[in-house]
Structure formats: C-alpha cells, structure tokens
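Data block below; observations after.
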Amino acid sequence: MYVVFKEFNLPTIPAVNTALKESEIRKWKGSPTVKICYGNLFKKIKNPDPETYMSRILQILKGKNQLSNMQIAYAISICEIILNPNNLHIQVTESVIKPVLTKNLVSVRNLNK
C-alpha cells in the first residue's frame with residue numbers, strides 16, 4: 001500500500017504495539033493524505049490506462065504467483081479497513097474484517113465468473 005501511494009506521501013500508521021488512543025487513530029485517518037489515498041483506492045492511476053491503485057497493490061502482492069479469490073478479497077479488505085476514515089480500526093481483528101471480507105469475496109467471485 002505504501003509503495004503504491006508513495007507519490008502521496010502516505011503517513012505511517014501510528015505504532016500498533018500498544019493500545020492506540022481513539023484520538024490518534026482519528027488524527028491519522030483524518031489526515032488529508034489518508035483521505036486522498038482512500039478516495040483513490042479504486043480510481044485509475046492514469047487515464048486511459050485501466051490500472052487502478054488497488055490493482056497495482058494486487059499486482060505487487062501477486063509477484064510471480066497467482067492470487068486466489070480469497071487472497072484478493074483479503075488484500076482489498078485490509079486496504080479498505082486501514083484507509084477508511086469512517087471507521088476507527090487500525091488493527092484488523094476477525095470481527096472487524098469478517099463482514100468486509102465477505103462482501104469483497106462475493107464481489108471478486110462475481111468478477112471472475
């Protein structure tokens with residue numbers, strides 16, 4: 001995610017090894033840069049090129065291997081959760097990711113039909 005959004009200077013996530021205060025998460029997610037990156041996640045990098053920021057993230061993750069539908073949906077879910085300024089989650093627990101992952105897995109499967 002940071003490699004793809006390097007042109008925006010995406011700030012690093014505050015250290016997650018301790019319990020973050022809600023105010024710190026709100027500050028990071030409320031930064032203009034994080035909001036721009038979240039808003040651009042599924043937008044084209046350059047017109048008329050069809051590549052989006054998210055597809056570039058997936059391409060980097062893929063490397064020389066094929067990604068399963070589950071891996072694609074998981075990567076999309078992680079990016080959405082971390083960058084979404086409308087939620088206060090930085091640590092991705094099962095209860096946080098499950099509903100987003102379920103939605104994205106259905107979408108990915110429908111695209112691959």
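So you can find residues: chains in the structure tokens are A, B, ... in the order shown, residues in each start at 1, and ligands are numbered from 1 in order.
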Proximity check segment 30-98 of chain A to segment 20-24 of chain A, 10 Å, nearest pairs one decimal Å, only C-alpha atoms, as a tab-separated table:
```
residue	atom	partner	partner_atom	distance
A:Gly30	CA	A:Glu24	CA	9.6
A:Leu88	CA	A:Glu22	CA	7.1
A:His89	CA	A:Glu22	CA	9.2
A:Ile90	CA	A:Leu20	CA	8.8
A:Gln91	CA	A:Leu20	CA	9.6
```
Mind checking which residues fall within 12 Å of Ile25 of chain A, counting only C-alpha atoms, ignoring those fewer than 5 positions away in the same chain, and posting them as a PyMOL selection string? chain A and resi 12-16+19-20+30-31+34+82-91
Output C-alpha atoms for every residue in that selection, as a short mmCIF file (atom, residue, chain, number, x, y, z; two decimals), in the first residue's frame.
```cif
data_model
loop_
_atom_site.label_atom_id
_atom_site.label_comp_id
_atom_site.auth_asym_id
_atom_site.auth_seq_id
_atom_site.Cartn_x
_atom_site.Cartn_y
_atom_site.Cartn_z
CA THR A 12 2.98 5.77 8.53
CA ILE A 13 0.37 4.24 10.79
CA PRO A 14 0.99 5.03 14.45
CA ALA A 15 2.69 2.16 16.30
CA VAL A 16 0.17 -0.59 16.91
CA ALA A 19 -3.29 0.30 22.59
CA LEU A 20 -3.76 3.36 20.43
CA GLY A 30 -8.47 12.20 9.29
CA SER A 31 -5.32 13.43 7.61
CA VAL A 34 -5.09 9.24 4.08
CA ILE A 82 -6.99 0.69 7.21
CA LEU A 83 -7.62 3.69 4.95
CA ASN A 84 -11.34 4.20 5.60
CA PRO A 85 -11.69 7.44 7.58
CA ASN A 86 -15.22 6.44 8.65
CA ASN A 87 -14.06 3.65 10.95
CA LEU A 88 -11.56 3.68 13.77
CA HIS A 89 -9.87 0.34 13.13
CA ILE A 90 -6.16 0.08 12.61
CA GLN A 91 -5.71 -3.43 13.99
#
```
Apply DSSP to the backbone of this structure and, from chain A, keep only the residues in helix (DSSP H, G or I); write these as a PyMOL selection string. chain A and resi 6-8+22-29+32-40+53-62+69-83+94-111
Go ahead and save the picked residues with C-alpha atoms, as a PDB file, in the first residue's frame.
```pdb
ATOM      1  CA  LYS A   6       4.343   6.829  -2.293  1.00  0.00           C
ATOM      2  CA  GLU A   7       3.526   9.790  -4.552  1.00  0.00           C
ATOM      3  CA  PHE A   8       1.031  10.975  -1.921  1.00  0.00           C
ATOM      4  CA  GLU A  22      -9.003   6.822  19.601  1.00  0.00           C
ATOM      5  CA  SER A  23      -7.767  10.380  19.117  1.00  0.00           C
ATOM      6  CA  GLU A  24      -4.511   9.122  17.499  1.00  0.00           C
ATOM      7  CA  ILE A  25      -6.410   6.864  15.105  1.00  0.00           C
ATOM      8  CA  ARG A  26      -8.855   9.671  14.304  1.00  0.00           C
ATOM      9  CA  LYS A  27      -5.943  12.053  13.638  1.00  0.00           C
ATOM     10  CA  TRP A  28      -4.170   9.614  11.290  1.00  0.00           C
ATOM     11  CA  LYS A  29      -7.317   8.594   9.414  1.00  0.00           C
ATOM     12  CA  PRO A  32      -5.898  14.780   4.107  1.00  0.00           C
ATOM     13  CA  THR A  33      -3.369  12.327   2.655  1.00  0.00           C
ATOM     14  CA  VAL A  34      -5.092   9.240   4.084  1.00  0.00           C
ATOM     15  CA  LYS A  35      -8.435  10.531   2.809  1.00  0.00           C
ATOM     16  CA  ILE A  36      -6.972  11.079  -0.670  1.00  0.00           C
ATOM     17  CA  CYS A  37      -5.464   7.582  -0.742  1.00  0.00           C
ATOM     18  CA  TYR A  38      -8.758   6.039   0.383  1.00  0.00           C
ATOM     19  CA  GLY A  39     -10.650   8.011  -2.247  1.00  0.00           C
ATOM     20  CA  ASN A  40      -8.211   6.908  -4.945  1.00  0.00           C
ATOM     21  CA  TYR A  53      -4.259   1.847  -7.341  1.00  0.00           C
ATOM     22  CA  MET A  54      -5.855  -1.298  -5.898  1.00  0.00           C
ATOM     23  CA  SER A  55      -4.981  -3.378  -8.968  1.00  0.00           C
ATOM     24  CA  ARG A  56      -1.381  -2.170  -8.666  1.00  0.00           C
ATOM     25  CA  ILE A  57      -1.316  -3.218  -4.995  1.00  0.00           C
ATOM     26  CA  LEU A  58      -2.616  -6.644  -6.015  1.00  0.00           C
ATOM     27  CA  GLN A  59      -0.009  -6.869  -8.793  1.00  0.00           C
ATOM     28  CA  ILE A  60       2.777  -6.212  -6.283  1.00  0.00           C
ATOM     29  CA  LEU A  61       1.344  -8.838  -3.915  1.00  0.00           C
ATOM     30  CA  LYS A  62       0.984 -11.301  -6.744  1.00  0.00           C
ATOM     31  CA  ASN A  69     -10.064 -15.105  -4.822  1.00  0.00           C
ATOM     32  CA  MET A  70      -9.707 -15.201  -1.035  1.00  0.00           C
ATOM     33  CA  GLN A  71      -6.278 -13.541  -1.137  1.00  0.00           C
ATOM     34  CA  ILE A  72      -7.566 -10.804  -3.456  1.00  0.00           C
ATOM     35  CA  ALA A  73     -10.608 -10.158  -1.268  1.00  0.00           C
ATOM     36  CA  TYR A  74      -8.418 -10.153   1.860  1.00  0.00           C
ATOM     37  CA  ALA A  75      -5.971  -7.599   0.404  1.00  0.00           C
ATOM     38  CA  ILE A  76      -8.811  -5.336  -0.719  1.00  0.00           C
ATOM     39  CA  SER A  77     -10.440  -5.630   2.714  1.00  0.00           C
ATOM     40  CA  ILE A  78      -7.236  -4.732   4.548  1.00  0.00           C
ATOM     41  CA  CYS A  79      -6.724  -1.618   2.412  1.00  0.00           C
ATOM     42  CA  GLU A  80     -10.346  -0.544   2.836  1.00  0.00           C
ATOM     43  CA  ILE A  81     -10.307  -1.013   6.602  1.00  0.00           C
ATOM     44  CA  ILE A  82      -6.991   0.687   7.211  1.00  0.00           C
ATOM     45  CA  LEU A  83      -7.620   3.687   4.955  1.00  0.00           C
ATOM     46  CA  GLU A  94     -11.583 -11.246  12.846  1.00  0.00           C
ATOM     47  CA  SER A  95     -14.653  -9.308  13.951  1.00  0.00           C
ATOM     48  CA  VAL A  96     -13.501  -6.245  12.005  1.00  0.00           C
ATOM     49  CA  ILE A  97     -12.522  -7.982   8.776  1.00  0.00           C
ATOM     50  CA  LYS A  98     -15.197 -10.677   8.512  1.00  0.00           C
ATOM     51  CA  PRO A  99     -18.081  -8.524   7.161  1.00  0.00           C
ATOM     52  CA  VAL A 100     -15.810  -6.584   4.775  1.00  0.00           C
ATOM     53  CA  LEU A 101     -14.080  -9.748   3.582  1.00  0.00           C
ATOM     54  CA  THR A 102     -17.410 -11.493   2.978  1.00  0.00           C
ATOM     55  CA  LYS A 103     -18.625  -8.571   0.840  1.00  0.00           C
ATOM     56  CA  ASN A 104     -15.371  -8.398  -1.126  1.00  0.00           C
ATOM     57  CA  LEU A 105     -15.171 -12.146  -1.655  1.00  0.00           C
ATOM     58  CA  VAL A 106     -18.649 -12.127  -3.242  1.00  0.00           C
ATOM     59  CA  SER A 107     -17.596  -9.224  -5.485  1.00  0.00           C
ATOM     60  CA  VAL A 108     -14.339 -10.915  -6.544  1.00  0.00           C
ATOM     61  CA  ARG A 109     -16.118 -14.189  -7.290  1.00  0.00           C
ATOM     62  CA  ASN A 110     -18.703 -12.365  -9.395  1.00  0.00           C
ATOM     63  CA  LEU A 111     -15.932 -10.671 -11.396  1.00  0.00           C
TER      64      LEU A 111
END
```
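Picture a line from atom CA of Leu41 of chain A to atom CA of Tyr2 of chain A; it runs 12.0 Å.
Computed from the coordinates, the atom CA of Val3 of chain A to atom CA of Phe42 of chain A distance equals 15.7 Å.
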